[in-house]
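Visitor: Have a look at the structure that comes next, please.
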Amino acid sequence: MLRRSLLTASAALLAARVLPRLARADAPGDRQILHVLDRLAFGPTRSDVAHVRSIGVDRYIAEQLDPQRLPEPAALTQRLAALTTQNKDPVTLFVEYGPLRPVDGVKRTADEQKARRQRANIIAIEARWARIWRALYSPRQLHEVMVDFWFNHFNIFAGKGLDHLWVGAYENEAIRPNALGRFQDLVLATARHPAMLFYLDNYQNTAPGFKTPDGRELGLNENYARELMELHTLGVDGGYSQDDVITLARILTGWSLPRPNVMPRDFTGFEFYPARHDTGSKRLLGHDFATGGEAEGAAALTMLSRRPATALHVSRQLVEYFVSDSAPPALVERVSTRFQQTDGDIRAVLQTLFTSAEFRGSAGGKYKSPYRYVLSAARAARLEVNNPRPLLGAMAQQGQPLYGCVTPDGFRDSEATWLSPDATLLRVGFATALGAGKMPVGAVPVLEPGIVQVSAPATSAPAPAPAQGAGEPVDAAALEALLAPGLSSETRTTIASAQPELRAALLLGSPDFMRR
């Protein structure tokens with residue numbers, strides 16, 4: 001009966017289909033604060049709103065662009081420290097969790113390999129939990145937003161072969177250190193990481209005629225070269241041809257993974273094999289590349305990162321993500337110019353974007369992806385999340401499983417992708433459970449029964465007051481006070497006339513809250 005009432009009330013709100021409007025009683029500054037926290041962070045919390053109100057929007061943006069000056073809370077550090085696979089390098093992960101090698105020439109049984117694979121599931125589980133905890137509780141919110149943005153831009157699929165071993169290392173080693181750095185460093189870091197080498201098959205990319213020790217001839221593999229130009233750098237209309245794809249693939253021959261049972265030169269999981277490299281002359285996008293082995297690839301990646309088409313492609317994606325699905329051309333051009341002027345300095349590019357009139361005036365103009373919707377709901381409701389599984393399950397049910405995008409183009413961040421009647425009903429169901437305190441996130445999680453258990457932190461997640469725990473209904477009055485500057489008159493009217501026990505769910509399931 002309660003669920004039916006909620007669905008009826010939600011349907012009335014959805015039928016209005018209005019963007020959040022600023023009520024006359026609200027201070028314009030408060031609406032702008034919510035706007036900035038919905039874009040640079042994963043939604044507002046009471047403590048974040050108070051902080052931005054005290055220092056101002058511009059200073060908050062400056063803080064977020066310099067995340068190393070923001071100390072991580074001890075409670076978050078303690079949660080992350082309990083995740084044992086998060087600090088392991090790719091080689092160690094392969095040795096400890098990868099496929100079992102033959103012993104004295106005898107292959108391992110199918111059951112042994114299956115058990116090994118099941119044990120390796122802990123890696124992706126811990127990577128997902130670390131991502132969720134950081135997104136919920138780190139004060140470095142923009143950095144976490146950019147980690148999500150860049151992972152999606154340089155997407156890998158955790159479900160493809162060996163990538164279940166390396167998804168966490170890929171994020172921690174290639175994406176996180178470079179999320180607010182230089183774009184060309186991101187390109188090079190992702191290109192050399194074993195997760196990308198495996199996902200887009202460049203580990204199999206060899207000069208024509210090269211044969212493996214078992215006599216197989218692999219030959220040229222264009223997969224990574226094509227996606228590198230189409231998705232990662234130049235864009236589909238970036239002025240390259242199929243000949244350029246082939247040439248880039250030739251330049252990147254020999255970029256591969258260490259051979260099993262052979263000591264690697266380091267523990268990055270990257271290995272260059274001169275014998276596999278195409279040493280012929282090459283001309284890429286009008287530039288001649290002299291034979292230089294591994295250095296050829298680095299030079300090509302740098303050149304692609306600095307092309308005007310790359311600046312335009314990446315800038316358009318940033319504007320679409322932070323401002324509008326229909327990126328304003330003038331803003332894209334300004335951001336692209338800044339990209340080129342600063343040699344791909346991501347901080348400088350974002351500063352130009354965030355100080356623009358287009359950004360400041362775009363409140364409520366973006367529709368939240370499932371990832372953002374679930375995180376923002378948990379933050380607004382002040383959930384104490386010891387067990388991220390229910391949140392991850394909600395994201396997956398709504399169509400966006402973390403590390404689960406199969407295709408290299410990543411998940412789209414647009415209203416057309418995520419807004420539909422069926423998807424909305426799923427969100428309302430999630431809001432119902434969360435609002436009623438039926439989201440079981442407070443239990444201490446067990447990763448591998450009898451082997452690994454993650455203890456609850458000694459202190460609660462950072463918040464100035466006790467946080468909502470699983471089993472407690474969300475405080476609707478506090479939630480409404482937090483979200484008030486962004487609520488439309490229709491939502492306010494519906495909430496005011498609803499039964500008290502429905503109000504939190506209606507707020508979290510409202511069209512206003514689904515936008516950012």
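Going by the structure tokens order, chains are called A, B, ..., each with residues numbered from 1, while ligands are numbered from 1 in the order shown.
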Leaving out Arg128 (chain A) and any residue of its chain fewer than 4 positions from it, which residues lie within 10 Å of it when counting only C-alpha atoms, given as a list in words?

Guide: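 That gives Ile122, Ile123, Ala124, Ile132, Trp133, Val167, Gly168, Pro388, Arg389, Leu392, Pro401, Leu402 and Tyr403 of chain A.
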
Visitor: Please produce an output containing N, CA and C atoms for each residue in the selection, written as a PDB file, in the first residue's frame.

Guide:
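Output file again-v3.pdb follows:
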```pdb
ATOM      1  N   ILE A 122      37.927 -11.155  -5.733  1.00  0.00           N
ATOM      2  CA  ILE A 122      38.130 -10.169  -4.677  1.00  0.00           C
ATOM      3  C   ILE A 122      38.733  -8.877  -5.226  1.00  0.00           C
ATOM      4  N   ILE A 123      39.494  -8.956  -6.306  1.00  0.00           N
ATOM      5  CA  ILE A 123      40.176  -7.767  -6.831  1.00  0.00           C
ATOM      6  C   ILE A 123      39.170  -6.743  -7.322  1.00  0.00           C
ATOM      7  N   ALA A 124      38.257  -7.170  -8.189  1.00  0.00           N
ATOM      8  CA  ALA A 124      37.261  -6.238  -8.713  1.00  0.00           C
ATOM      9  C   ALA A 124      36.299  -5.783  -7.621  1.00  0.00           C
ATOM     10  N   ILE A 132      33.513   3.471  -4.446  1.00  0.00           N
ATOM     11  CA  ILE A 132      32.297   3.958  -3.800  1.00  0.00           C
ATOM     12  C   ILE A 132      32.625   4.729  -2.532  1.00  0.00           C
ATOM     13  N   TRP A 133      33.485   4.193  -1.687  1.00  0.00           N
ATOM     14  CA  TRP A 133      33.823   4.868  -0.439  1.00  0.00           C
ATOM     15  C   TRP A 133      34.492   6.222  -0.697  1.00  0.00           C
ATOM     16  N   VAL A 167      41.741  -4.320 -13.126  1.00  0.00           N
ATOM     17  CA  VAL A 167      40.866  -3.157 -13.182  1.00  0.00           C
ATOM     18  C   VAL A 167      41.179  -2.156 -12.068  1.00  0.00           C
ATOM     19  N   GLY A 168      41.448  -2.662 -10.855  1.00  0.00           N
ATOM     20  CA  GLY A 168      41.779  -1.766  -9.753  1.00  0.00           C
ATOM     21  C   GLY A 168      43.122  -1.095  -9.953  1.00  0.00           C
ATOM     22  N   PRO A 388      29.063  -1.544   0.508  1.00  0.00           N
ATOM     23  CA  PRO A 388      28.634  -0.885  -0.732  1.00  0.00           C
ATOM     24  C   PRO A 388      27.811  -1.747  -1.669  1.00  0.00           C
ATOM     25  N   ARG A 389      27.672  -3.047  -1.356  1.00  0.00           N
ATOM     26  CA  ARG A 389      27.004  -3.944  -2.305  1.00  0.00           C
ATOM     27  C   ARG A 389      25.617  -3.453  -2.740  1.00  0.00           C
ATOM     28  N   LEU A 392      25.994  -0.679  -5.297  1.00  0.00           N
ATOM     29  CA  LEU A 392      26.495  -1.209  -6.565  1.00  0.00           C
ATOM     30  C   LEU A 392      25.408  -1.993  -7.292  1.00  0.00           C
ATOM     31  N   PRO A 401      26.516  -0.843 -14.414  1.00  0.00           N
ATOM     32  CA  PRO A 401      27.378  -1.569 -13.480  1.00  0.00           C
ATOM     33  C   PRO A 401      28.795  -0.988 -13.486  1.00  0.00           C
ATOM     34  N   LEU A 402      29.351  -0.779 -12.317  1.00  0.00           N
ATOM     35  CA  LEU A 402      30.685  -0.197 -12.213  1.00  0.00           C
ATOM     36  C   LEU A 402      31.714  -1.146 -12.816  1.00  0.00           C
ATOM     37  N   TYR A 403      32.546  -0.622 -13.720  1.00  0.00           N
ATOM     38  CA  TYR A 403      33.536  -1.385 -14.490  1.00  0.00           C
ATOM     39  C   TYR A 403      32.879  -2.414 -15.406  1.00  0.00           C
TER      40      TYR A 403
END
```

Visitor: Among region 286-425 of chain A, which ones does DSSP assign to strand (DSSP E or B) (computed from the backbone)? Answer as a PDB file with N, CA and C atoms, in the first residue's frame.

Guide:
```pdb
ATOM      1  N   HIS A 287      53.231  13.090 -40.727  1.00  0.00           N
ATOM      2  CA  HIS A 287      54.523  13.139 -40.034  1.00  0.00           C
ATOM      3  C   HIS A 287      55.261  11.824 -40.242  1.00  0.00           C
ATOM      4  N   ASP A 288      56.546  11.937 -40.565  1.00  0.00           N
ATOM      5  CA  ASP A 288      57.380  10.750 -40.736  1.00  0.00           C
ATOM      6  C   ASP A 288      57.950  10.320 -39.388  1.00  0.00           C
ATOM      7  N   PHE A 289      57.940   9.015 -39.141  1.00  0.00           N
ATOM      8  CA  PHE A 289      58.483   8.466 -37.903  1.00  0.00           C
ATOM      9  C   PHE A 289      59.677   7.581 -38.232  1.00  0.00           C
ATOM     10  N   ASP A 345      46.768  20.898 -20.012  1.00  0.00           N
ATOM     11  CA  ASP A 345      46.723  20.986 -18.546  1.00  0.00           C
ATOM     12  C   ASP A 345      45.254  20.900 -18.104  1.00  0.00           C
ATOM     13  N   TYR A 367      20.883  15.448 -16.674  1.00  0.00           N
ATOM     14  CA  TYR A 367      20.181  14.332 -16.044  1.00  0.00           C
ATOM     15  C   TYR A 367      21.226  13.379 -15.466  1.00  0.00           C
ATOM     16  N   LEU A 383      23.932   8.374   4.449  1.00  0.00           N
ATOM     17  CA  LEU A 383      24.048   6.960   4.785  1.00  0.00           C
ATOM     18  C   LEU A 383      25.443   6.647   5.308  1.00  0.00           C
TER      19      LEU A 383
END
```

Visitor: What is the CA of Ala189 (chain A) to CA of Pro71 (chain A) distance in Å?

Guide: 25.5 Å

Visitor: Which one of A:Glu490, A:Leu257, A:Phe411, A:Ala299 sits closest to Phe151 (chain A) if you count only C-alpha atoms?

Guide: A:Phe411

Visitor: Which residue gives the smallest distance to Thr302 (chain A) among A:Leu188, A:Ala377, A:Ala363, A:Leu218, with only C-alpha atoms counted?

Guide: A:Leu188

Visitor: Just the helix (DSSP H, G or I) stuff from region 181-363 of chain A, please, per backbone DSSP, written as a count of residues only.

Guide: 95

Visitor: For Gly442 (chain A), work out the shell of residues within 6 Å, counting only C-alpha atoms and skipping chain neighbours fewer than 2 positions away, then give it as a ChimeraX atom specification.

Guide: /A:385-387,440,470

Visitor: Which one of A:Ser489, A:Gln398, A:Thr407, A:Asn202 sits closest to Gly159 (chain A) if you count only C-alpha atoms?

Guide: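 When distances to Gly159 (chain A) are compared using only C-alpha atoms, the smallest one comes from A:Thr407.
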
Visitor: Between A:Arg338, A:Arg226, A:Arg379, A:Arg59, which one has atoms that come closest to Ser241 (chain A), using only C-alpha atoms?

Guide: A:Arg226

Visitor: Output as CSV one row per residue of region 64-149 of chain A within 12 Å of region 315-334 of chain A: the closest atom pair and its distance in Å to one decimal place, counting only C-alpha atoms, sorted by chain and residue number ascending.

Guide:
```
residue,atom,partner,partner_atom,distance
A:Leu142,CA,A:Phe322,CA,11.3
A:Val145,CA,A:Phe322,CA,10.3
A:Met146,CA,A:Leu318,CA,9.8
A:Asp148,CA,A:Tyr321,CA,11.1
A:Phe149,CA,A:Tyr321,CA,8.3
```

Visitor: Could you jot down the CA of Glu271 (chain A) to CA of Thr310 (chain A) separation for me, Å, one decimal place?

Guide: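 Interatomic distance here is 27.0 Å.
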
Visitor: Within 12 Å of Gln68 (chain A), counting only C-alpha atoms, which residues show up once you throw out same-chain ones fewer than 4 positions away? Write them as a list in words, please.

Guide: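 My reading of the contact set: Ala62, Glu63, Gln64, Glu72, Ser138, Pro139, Arg140, Gln141, Leu142, His143, Pro177 and Leu180 of chain A.
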
Visitor: Only C-alpha atoms, please: the residues just picked out, written as a PDB file, in the first residue's frame.

Guide:
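Result file part.pdb:
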```pdb
ATOM      1  CA  ALA A  62      39.982  26.500  -6.289  1.00  0.00           C
ATOM      2  CA  GLU A  63      40.169  24.004  -3.412  1.00  0.00           C
ATOM      3  CA  GLN A  64      38.822  21.214  -5.576  1.00  0.00           C
ATOM      4  CA  GLU A  72      41.577  12.515   3.542  1.00  0.00           C
ATOM      5  CA  SER A 138      36.457  11.957   0.211  1.00  0.00           C
ATOM      6  CA  PRO A 139      36.605  15.759   0.432  1.00  0.00           C
ATOM      7  CA  ARG A 140      38.443  15.605  -2.908  1.00  0.00           C
ATOM      8  CA  GLN A 141      35.160  15.401  -4.752  1.00  0.00           C
ATOM      9  CA  LEU A 142      36.256  16.886  -8.077  1.00  0.00           C
ATOM     10  CA  HIS A 143      39.153  14.453  -8.236  1.00  0.00           C
ATOM     11  CA  PRO A 177      47.507  10.046 -10.597  1.00  0.00           C
ATOM     12  CA  LEU A 180      43.927  16.543 -12.927  1.00  0.00           C
TER      13      LEU A 180
END
```

Visitor: Can you tell me how far CA of Leu375 (chain A) sits from CA of Met196 (chain A), in Å to one decimal?

Guide: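 Between these atoms lies a distance of 26.9 Å.
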
Visitor: Please provide the set of residues having any atom within 9 Å of region 94-97 of chain A, restricted to only C-alpha atoms, with same-chain residues fewer than 5 positions apart removed, written as a PyMOL selection string.

Guide: chain A and resi 89+116-117+119-121+123+162+165-166+260

Visitor: Next, dump the selected residues to file, keeping only C-alpha atoms, as an mmCIF file, in the first residue's frame.

Guide:
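Result file is out.cif:
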```cif
data_model
loop_
_atom_site.group_PDB
_atom_site.id
_atom_site.type_symbol
_atom_site.label_atom_id
_atom_site.label_comp_id
_atom_site.auth_asym_id
_atom_site.auth_seq_id
_atom_site.Cartn_x
_atom_site.Cartn_y
_atom_site.Cartn_z
ATOM 1 C CA ASP A 89 51.076 -4.064 -8.800
ATOM 2 C CA ARG A 116 41.491 -19.641 -8.817
ATOM 3 C CA ARG A 117 39.189 -17.426 -10.852
ATOM 4 C CA ARG A 119 39.380 -16.290 -5.593
ATOM 5 C CA ALA A 120 40.447 -13.523 -7.983
ATOM 6 C CA ASN A 121 36.971 -11.974 -7.802
ATOM 7 C CA ILE A 123 40.176 -7.767 -6.831
ATOM 8 C CA LEU A 162 42.657 -11.019 -17.528
ATOM 9 C CA LEU A 165 42.959 -8.895 -12.351
ATOM 10 C CA TRP A 166 43.942 -5.373 -13.336
ATOM 11 C CA PRO A 260 54.589 -15.820 -17.914
#
```

Visitor: With only C-alpha atoms as the basis for distance, which of A:Arg31, A:Arg360, A:Arg101, A:Arg307 is at the shortest distance from Gln184 (chain A)?

Guide: A:Arg307

Visitor: Please provide the set of residues having any atom within 12 Å of Ala396 (chain A), restricted to only C-alpha atoms, with same-chain residues fewer than 5 positions apart removed, written as a ChimeraX atom specification.

Guide: /A:369-371,374,389-391,401-405,423,426-427,430

Visitor: Include N, CA and C atoms and write out the residues we just selected as an mmCIF file, in the first residue's frame.

Guide:
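So the final result, stored in out.cif, reads:
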```
data_model
loop_
_atom_site.group_PDB
_atom_site.id
_atom_site.type_symbol
_atom_site.label_atom_id
_atom_site.label_comp_id
_atom_site.auth_asym_id
_atom_site.auth_seq_id
_atom_site.Cartn_x
_atom_site.Cartn_y
_atom_site.Cartn_z
ATOM 1 N N SER A 369 23.280 10.224 -14.375
ATOM 2 C CA SER A 369 23.458 8.816 -14.703
ATOM 3 C C SER A 369 23.110 7.988 -13.474
ATOM 4 N N PRO A 370 22.888 6.670 -13.606
ATOM 5 C CA PRO A 370 22.632 5.844 -12.421
ATOM 6 C C PRO A 370 23.742 5.943 -11.380
ATOM 7 N N TYR A 371 24.994 5.983 -11.832
ATOM 8 C CA TYR A 371 26.124 6.101 -10.902
ATOM 9 C C TYR A 371 25.996 7.365 -10.066
ATOM 10 N N VAL A 374 22.662 7.316 -7.657
ATOM 11 C CA VAL A 374 22.769 6.497 -6.451
ATOM 12 C C VAL A 374 23.717 7.149 -5.446
ATOM 13 N N ARG A 389 27.672 -3.047 -1.356
ATOM 14 C CA ARG A 389 27.004 -3.944 -2.305
ATOM 15 C C ARG A 389 25.617 -3.453 -2.740
ATOM 16 N N PRO A 390 24.741 -3.028 -1.815
ATOM 17 C CA PRO A 390 23.409 -2.589 -2.266
ATOM 18 C C PRO A 390 23.462 -1.401 -3.223
ATOM 19 N N LEU A 391 24.391 -0.486 -3.018
ATOM 20 C CA LEU A 391 24.515 0.658 -3.921
ATOM 21 C C LEU A 391 25.013 0.207 -5.289
ATOM 22 N N PRO A 401 26.516 -0.843 -14.414
ATOM 23 C CA PRO A 401 27.378 -1.569 -13.480
ATOM 24 C C PRO A 401 28.795 -0.988 -13.486
ATOM 25 N N LEU A 402 29.351 -0.779 -12.317
ATOM 26 C CA LEU A 402 30.685 -0.197 -12.213
ATOM 27 C C LEU A 402 31.714 -1.146 -12.816
ATOM 28 N N TYR A 403 32.546 -0.622 -13.720
ATOM 29 C CA TYR A 403 33.536 -1.385 -14.490
ATOM 30 C C TYR A 403 32.879 -2.414 -15.406
ATOM 31 N N GLY A 404 31.602 -2.187 -15.724
ATOM 32 C CA GLY A 404 30.866 -3.190 -16.490
ATOM 33 C C GLY A 404 30.456 -2.767 -17.877
ATOM 34 N N CYS A 405 31.032 -1.686 -18.421
ATOM 35 C CA CYS A 405 30.718 -1.306 -19.791
ATOM 36 C C CYS A 405 31.565 -2.144 -20.746
ATOM 37 N N ALA A 423 13.288 2.955 -16.515
ATOM 38 C CA ALA A 423 14.417 3.375 -15.683
ATOM 39 C C ALA A 423 13.939 4.229 -14.514
ATOM 40 N N LEU A 426 12.616 2.125 -11.711
ATOM 41 C CA LEU A 426 13.707 1.529 -10.942
ATOM 42 C C LEU A 426 14.259 2.536 -9.944
ATOM 43 N N ARG A 427 14.371 3.780 -10.352
ATOM 44 C CA ARG A 427 14.866 4.812 -9.446
ATOM 45 C C ARG A 427 13.882 5.052 -8.298
ATOM 46 N N PHE A 430 14.322 2.339 -5.819
ATOM 47 C CA PHE A 430 15.521 2.575 -5.019
ATOM 48 C C PHE A 430 15.259 3.658 -3.977
#
```

Visitor: Got a sec: who's within 7 Å of Gly410 (chain A), counting only C-alpha atoms, leaving out chain neighbours fewer than 6 positions off, as a list in words?

Guide: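 Residues meeting the cut-off are Asn152, His153 and Asn155 of chain A.
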
Visitor: Keeping only N, CA and C atoms, write those residues as a PDB file, in the first residue's frame.

Guide:
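Ended up saving to out.pdb:
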```
ATOM      1  N   ASN A 152      35.842   6.391 -17.775  1.00  0.00           N
ATOM      2  CA  ASN A 152      34.858   6.185 -18.827  1.00  0.00           C
ATOM      3  C   ASN A 152      35.427   6.551 -20.199  1.00  0.00           C
ATOM      4  N   HIS A 153      36.237   7.599 -20.246  1.00  0.00           N
ATOM      5  CA  HIS A 153      36.847   8.033 -21.504  1.00  0.00           C
ATOM      6  C   HIS A 153      37.834   6.975 -22.016  1.00  0.00           C
ATOM      7  N   ASN A 155      37.880   3.698 -21.285  1.00  0.00           N
ATOM      8  CA  ASN A 155      37.200   2.568 -20.664  1.00  0.00           C
ATOM      9  C   ASN A 155      37.876   1.227 -20.928  1.00  0.00           C
TER      10      ASN A 155
END
```

Visitor: Considering only C-alpha atoms, can you say which of A:Leu231, A:Met303, A:Val52, A:Ala41 comes closest to Val147 (chain A)?

Guide: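 Closest residue, counting only C-alpha atoms: A:Ala41.
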
Visitor: For region 380-419 of chain A against region 497-512 of chain A, with a cut-off of 12 Å and counting only C-alpha atoms, what is the closest atom pair and its distance in Å to one decimal for every residue that makes the cut, ordered by chain and number, as JSON lines?

Guide:
```
{"residue": "A:Ala380", "atom": "CA", "partner": "A:Leu508", "partner_atom": "CA", "distance": 8.7}
{"residue": "A:Ala381", "atom": "CA", "partner": "A:Ala504", "partner_atom": "CA", "distance": 8.6}
{"residue": "A:Leu419", "atom": "CA", "partner": "A:Pro511", "partner_atom": "CA", "distance": 10.4}
```
